[in-house]
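Structure first, commentary second.
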Amino acid sequence: MKNIYLIGFMGTGKSSVGRLLAEDLGASYVDTDQMVIEKTGREITNIFEEDSEEDFRRLETEVLSEVVDKENLVVSTGGGIVVTMGNLEAMRQTGFVVTLIADANTILERISSDETCRPLLEVEEPFEEIKRLLFERASFYINAHHIVDTSDITPREAAD
Ligand code: S3P
């Protein structure tokens, strides 16, 4: 099986859906954020704060280049992986790319209630920042093979 790549904004369910999908398909599951953490031995927030977003983008591109050479993977990606030139094309050429989308209110609700630290949303007005980033990234996210709106469905339903 060619890889399946889950792309999309923070809080759209990439990790939960990816795990279920991998289980359903008997495929291996990987998460590019997790790969960066394992590769560097550091938390993503620390990379953003002590180094820079640019350094993080370089690291996530490096780990992506490791997975595009493989097969039979369900790959959950960090929400911003698409902004680095060449990443979306690399995924499109080596697998099936699915964007998970959700409306801004749902995203805010989900990211407020889960444990993951999102340095890009540690701002005074996270809702405004979510809308701004969604707008900025929309042209990348729509360029997938398939799009699933997870706003009103469970991860199980999205995986199905
Ligand atoms: C980011 C999304 C995060 C993580 C980092 C940057 C982004 O991953 O890669 O904080 O730029 O949208 P999730 O989409 O898994 O939250």
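Starting from 1 in every chain, residues are counted up; chains themselves are A, B, ... following the order of the structure tokens, and ligands are numbered from 1 as listed.
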- Message: Which residues are near stretch 126-129 of chain A? Cut-off 8 Å, only C-alpha atoms, ignore same chain within fewer than 6 positions. Put them as a VMD selection string.
- Response: chain A and resid 104 to 105 108
Okay, now the selection with C-alpha atoms, as a PDB file, in the first residue's frame?
ATOM      1  CA  ALA A 104     -12.578  27.510  13.682  1.00  0.00           C
ATOM      2  CA  ASN A 105     -14.877  27.188  16.724  1.00  0.00           C
ATOM      3  CA  LEU A 108     -10.530  26.253  19.359  1.00  0.00           C
TER       4      LEU A 108
END
- Query: Please, which residues have at least one atom within 9 Å of an atom of ligand 1, using only C-alpha atoms and all ligand atoms, listed as a PyMOL selection string?
  - Reply: chain A and resi 7-15+31-33+44-45+48+53+56-57+60+76-83+111+116-121+133
Keeping only N, CA, C and O atoms, write the selected residues to a file as a short mmCIF file (atom, residue, chain, number, x, y, z; two decimals), in the first residue's frame.
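So the final result, stored in again_5.cif, reads:
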data_model
loop_
_atom_site.label_atom_id
_atom_site.label_comp_id
_atom_site.auth_asym_id
_atom_site.auth_seq_id
_atom_site.Cartn_x
_atom_site.Cartn_y
_atom_site.Cartn_z
N ILE A 7 -3.20 15.43 6.47
CA ILE A 7 -2.75 16.81 6.67
C ILE A 7 -3.95 17.63 7.17
O ILE A 7 -5.09 17.18 7.13
N GLY A 8 -3.68 18.84 7.62
CA GLY A 8 -4.77 19.70 8.08
C GLY A 8 -4.39 20.45 9.33
O GLY A 8 -3.36 20.16 9.96
N PHE A 9 -5.23 21.39 9.68
CA PHE A 9 -4.94 22.29 10.79
C PHE A 9 -4.89 21.54 12.13
O PHE A 9 -5.46 20.46 12.27
N MET A 10 -4.23 22.17 13.10
CA MET A 10 -4.22 21.66 14.48
C MET A 10 -5.66 21.43 14.94
O MET A 10 -6.54 22.24 14.63
N GLY A 11 -5.87 20.35 15.65
CA GLY A 11 -7.20 20.12 16.22
C GLY A 11 -8.24 19.55 15.25
O GLY A 11 -9.42 19.48 15.58
N THR A 12 -7.80 19.13 14.08
CA THR A 12 -8.78 18.55 13.16
C THR A 12 -8.88 17.04 13.33
O THR A 12 -9.73 16.40 12.70
N GLY A 13 -8.00 16.46 14.16
CA GLY A 13 -8.13 15.04 14.49
C GLY A 13 -7.14 14.13 13.78
O GLY A 13 -7.34 12.91 13.75
N LYS A 14 -6.05 14.69 13.26
CA LYS A 14 -5.12 13.87 12.46
C LYS A 14 -4.56 12.67 13.25
O LYS A 14 -4.49 11.57 12.71
N SER A 15 -4.19 12.92 14.51
CA SER A 15 -3.59 11.82 15.27
C SER A 15 -4.61 10.75 15.63
O SER A 15 -4.36 9.55 15.43
N ASP A 31 3.83 9.68 13.20
CA ASP A 31 3.38 11.05 13.40
C ASP A 31 4.64 11.92 13.28
O ASP A 31 5.61 11.71 14.01
N THR A 32 4.64 12.86 12.35
CA THR A 32 5.87 13.62 12.10
C THR A 32 6.29 14.45 13.33
O THR A 32 7.48 14.59 13.59
N ASP A 33 5.32 14.96 14.11
CA ASP A 33 5.69 15.70 15.33
C ASP A 33 6.44 14.78 16.29
O ASP A 33 7.46 15.14 16.88
N ILE A 44 8.45 20.00 21.13
CA ILE A 44 8.26 20.96 20.02
C ILE A 44 8.23 22.40 20.51
O ILE A 44 8.83 23.29 19.90
N THR A 45 7.57 22.61 21.65
CA THR A 45 7.52 23.98 22.21
C THR A 45 8.93 24.51 22.44
O THR A 45 9.20 25.68 22.17
N PHE A 48 10.55 25.61 19.19
CA PHE A 48 10.03 26.91 18.77
C PHE A 48 10.61 28.04 19.63
O PHE A 48 10.99 29.08 19.11
N GLU A 53 10.76 28.86 14.65
CA GLU A 53 9.82 28.11 13.82
C GLU A 53 10.55 27.55 12.59
O GLU A 53 10.32 26.42 12.18
N PHE A 56 12.21 24.39 13.36
CA PHE A 56 11.24 23.30 13.46
C PHE A 56 10.81 22.85 12.06
O PHE A 56 10.71 21.65 11.79
N ARG A 57 10.57 23.81 11.17
CA ARG A 57 10.14 23.46 9.79
C ARG A 57 11.20 22.61 9.09
O ARG A 57 10.88 21.70 8.34
N GLU A 60 10.92 19.07 10.57
CA GLU A 60 9.76 18.27 10.13
C GLU A 60 9.91 17.87 8.66
O GLU A 60 9.46 16.81 8.26
N SER A 76 0.48 10.86 10.16
CA SER A 76 -0.15 12.11 10.62
C SER A 76 0.93 13.17 10.60
O SER A 76 2.05 12.93 11.04
N THR A 77 0.58 14.34 10.13
CA THR A 77 1.59 15.39 9.99
C THR A 77 1.25 16.58 10.88
O THR A 77 0.09 16.77 11.26
N GLY A 78 2.24 17.40 11.16
CA GLY A 78 1.99 18.65 11.87
C GLY A 78 1.22 19.59 10.95
O GLY A 78 1.44 19.57 9.72
N GLY A 79 0.37 20.41 11.54
CA GLY A 79 -0.52 21.25 10.73
C GLY A 79 0.17 22.19 9.74
O GLY A 79 -0.41 22.59 8.74
N GLY A 80 1.43 22.53 10.05
CA GLY A 80 2.11 23.50 9.19
C GLY A 80 3.07 22.88 8.19
O GLY A 80 3.80 23.59 7.48
N ILE A 81 3.08 21.56 8.11
CA ILE A 81 4.06 20.89 7.24
C ILE A 81 3.90 21.32 5.78
O ILE A 81 4.86 21.35 5.01
N VAL A 82 2.67 21.69 5.42
CA VAL A 82 2.38 22.03 4.02
C VAL A 82 2.98 23.37 3.59
O VAL A 82 3.09 23.62 2.38
N VAL A 83 3.35 24.22 4.54
CA VAL A 83 3.83 25.55 4.14
C VAL A 83 5.28 25.51 3.63
O VAL A 83 5.73 26.44 2.98
N ILE A 111 -8.51 22.31 20.78
CA ILE A 111 -7.14 22.56 21.24
C ILE A 111 -7.11 23.11 22.67
O ILE A 111 -6.11 23.00 23.35
N THR A 116 -1.90 18.77 24.28
CA THR A 116 -0.77 19.17 23.43
C THR A 116 -0.50 20.68 23.50
O THR A 116 -1.44 21.47 23.46
N CYS A 117 0.79 21.04 23.60
CA CYS A 117 1.16 22.46 23.57
C CYS A 117 1.30 22.89 22.12
O CYS A 117 1.96 22.23 21.33
N ARG A 118 0.65 23.99 21.77
CA ARG A 118 0.78 24.50 20.39
C ARG A 118 1.37 25.91 20.43
O ARG A 118 0.64 26.87 20.62
N PRO A 119 2.69 25.99 20.28
CA PRO A 119 3.36 27.29 20.44
C PRO A 119 2.77 28.39 19.54
O PRO A 119 2.71 29.54 19.95
N LEU A 120 2.28 28.03 18.37
CA LEU A 120 1.76 29.06 17.46
C LEU A 120 0.46 29.68 17.98
O LEU A 120 0.07 30.76 17.55
N LEU A 121 -0.19 28.98 18.91
CA LEU A 121 -1.46 29.51 19.41
C LEU A 121 -1.36 30.05 20.83
O LEU A 121 -2.35 30.36 21.47
N LEU A 133 -4.48 31.81 10.30
CA LEU A 133 -3.66 30.72 9.78
C LEU A 133 -4.46 29.81 8.84
O LEU A 133 -3.93 29.33 7.83
#
- Message: Between A:Gly86, A:Asp160, A:Arg92, A:Gly41, which residue has the minimum interatomic distance to A:Gly18, considering only C-alpha atoms?
- Response: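 Closest to A:Gly18, using only C-alpha atoms: A:Asp160.
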- Task: Determine which residues of stretch 34-149 of chain A DSSP labels as helix (DSSP H, G or I) from the backbone of this structure, then write them out as a ChimeraX atom specification.
- Result: /A:34-40,44-50,53-67,81-83,87-94,104-113,119-121,126-141
Preceding selection exported with C-alpha atoms as a PDB file, in the first residue's frame:
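Once written, again_38.pdb looks like this:
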ATOM      1  CA  GLN A  34       6.514  12.572  17.325  1.00  0.00           C
ATOM      2  CA  MET A  35       9.380  11.768  14.960  1.00  0.00           C
ATOM      3  CA  VAL A  36      10.824  15.248  15.505  1.00  0.00           C
ATOM      4  CA  ILE A  37      10.574  14.762  19.284  1.00  0.00           C
ATOM      5  CA  GLU A  38      12.326  11.384  19.048  1.00  0.00           C
ATOM      6  CA  LYS A  39      14.997  12.630  16.655  1.00  0.00           C
ATOM      7  CA  THR A  40      15.921  15.665  18.753  1.00  0.00           C
ATOM      8  CA  ILE A  44       8.257  20.955  20.019  1.00  0.00           C
ATOM      9  CA  THR A  45       7.522  23.979  22.209  1.00  0.00           C
ATOM     10  CA  ASN A  46      11.187  24.103  23.202  1.00  0.00           C
ATOM     11  CA  ILE A  47      12.325  23.971  19.596  1.00  0.00           C
ATOM     12  CA  PHE A  48      10.028  26.913  18.770  1.00  0.00           C
ATOM     13  CA  GLU A  49      11.020  28.891  21.852  1.00  0.00           C
ATOM     14  CA  GLU A  50      14.750  28.198  22.084  1.00  0.00           C
ATOM     15  CA  GLU A  53       9.825  28.111  13.818  1.00  0.00           C
ATOM     16  CA  GLU A  54      12.193  27.913  10.853  1.00  0.00           C
ATOM     17  CA  ASP A  55      14.336  25.332  12.672  1.00  0.00           C
ATOM     18  CA  PHE A  56      11.242  23.300  13.457  1.00  0.00           C
ATOM     19  CA  ARG A  57      10.137  23.456   9.794  1.00  0.00           C
ATOM     20  CA  ARG A  58      13.543  22.163   8.723  1.00  0.00           C
ATOM     21  CA  LEU A  59      13.291  19.251  11.182  1.00  0.00           C
ATOM     22  CA  GLU A  60       9.759  18.274  10.133  1.00  0.00           C
ATOM     23  CA  THR A  61      10.851  18.370   6.485  1.00  0.00           C
ATOM     24  CA  GLU A  62      13.771  16.088   7.355  1.00  0.00           C
ATOM     25  CA  VAL A  63      11.521  13.516   9.034  1.00  0.00           C
ATOM     26  CA  LEU A  64       9.046  13.707   6.165  1.00  0.00           C
ATOM     27  CA  SER A  65      11.842  12.898   3.727  1.00  0.00           C
ATOM     28  CA  GLU A  66      12.431   9.710   5.731  1.00  0.00           C
ATOM     29  CA  VAL A  67       8.809   8.537   5.446  1.00  0.00           C
ATOM     30  CA  ILE A  81       4.063  20.887   7.239  1.00  0.00           C
ATOM     31  CA  VAL A  82       2.382  22.028   4.022  1.00  0.00           C
ATOM     32  CA  VAL A  83       3.829  25.547   4.138  1.00  0.00           C
ATOM     33  CA  ASN A  87       6.431  18.898   1.196  1.00  0.00           C
ATOM     34  CA  LEU A  88       2.887  18.699  -0.136  1.00  0.00           C
ATOM     35  CA  GLU A  89       4.128  17.632  -3.559  1.00  0.00           C
ATOM     36  CA  ALA A  90       6.372  14.954  -1.988  1.00  0.00           C
ATOM     37  CA  MET A  91       3.337  13.539  -0.158  1.00  0.00           C
ATOM     38  CA  ARG A  92       1.104  13.723  -3.230  1.00  0.00           C
ATOM     39  CA  GLN A  93       3.675  11.838  -5.277  1.00  0.00           C
ATOM     40  CA  THR A  94       4.240   9.046  -2.786  1.00  0.00           C
ATOM     41  CA  ALA A 104     -12.578  27.510  13.682  1.00  0.00           C
ATOM     42  CA  ASN A 105     -14.877  27.188  16.724  1.00  0.00           C
ATOM     43  CA  THR A 106     -14.472  23.423  16.830  1.00  0.00           C
ATOM     44  CA  ILE A 107     -10.703  23.779  16.469  1.00  0.00           C
ATOM     45  CA  LEU A 108     -10.530  26.253  19.359  1.00  0.00           C
ATOM     46  CA  GLU A 109     -12.647  23.986  21.550  1.00  0.00           C
ATOM     47  CA  ARG A 110     -10.503  20.932  20.783  1.00  0.00           C
ATOM     48  CA  ILE A 111      -7.136  22.564  21.239  1.00  0.00           C
ATOM     49  CA  SER A 112      -8.279  24.152  24.493  1.00  0.00           C
ATOM     50  CA  SER A 113      -9.220  20.791  25.916  1.00  0.00           C
ATOM     51  CA  PRO A 119       3.360  27.293  20.438  1.00  0.00           C
ATOM     52  CA  LEU A 120       1.756  29.064  17.464  1.00  0.00           C
ATOM     53  CA  LEU A 121      -1.464  29.506  19.413  1.00  0.00           C
ATOM     54  CA  PRO A 126      -5.975  32.394  19.679  1.00  0.00           C
ATOM     55  CA  PHE A 127      -9.316  32.429  17.858  1.00  0.00           C
ATOM     56  CA  GLU A 128      -8.161  35.272  15.585  1.00  0.00           C
ATOM     57  CA  GLU A 129      -4.879  33.460  15.008  1.00  0.00           C
ATOM     58  CA  ILE A 130      -6.669  30.234  14.103  1.00  0.00           C
ATOM     59  CA  LYS A 131      -8.761  32.076  11.501  1.00  0.00           C
ATOM     60  CA  ARG A 132      -5.723  33.898  10.122  1.00  0.00           C
ATOM     61  CA  LEU A 133      -3.664  30.715   9.776  1.00  0.00           C
ATOM     62  CA  LEU A 134      -6.588  28.786   8.289  1.00  0.00           C
ATOM     63  CA  PHE A 135      -6.941  31.469   5.632  1.00  0.00           C
ATOM     64  CA  GLU A 136      -3.186  31.537   4.998  1.00  0.00           C
ATOM     65  CA  ARG A 137      -2.999  27.765   4.587  1.00  0.00           C
ATOM     66  CA  ALA A 138      -6.282  27.094   2.794  1.00  0.00           C
ATOM     67  CA  SER A 139      -4.722  26.897  -0.666  1.00  0.00           C
ATOM     68  CA  PHE A 140      -2.450  24.087   0.547  1.00  0.00           C
ATOM     69  CA  TYR A 141      -5.096  22.164   2.445  1.00  0.00           C
TER      70      TYR A 141
END
- In terms of the shortest atom-to-atom distance over only C-alpha atoms, which of A:Thr150, A:Ala22, A:Met85, A:Ser28 is closest to A:Glu71?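 Once distances to A:Glu71 are computed over only C-alpha atoms, the minimum belongs to A:Ser28.
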- Item | For A:Asn72, the nearest of the candidates A:Leu20, A:Leu6, A:Val123, A:Met1, counting only C-alpha atoms |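 Smallest separation from A:Asn72 among the options: A:Met1.
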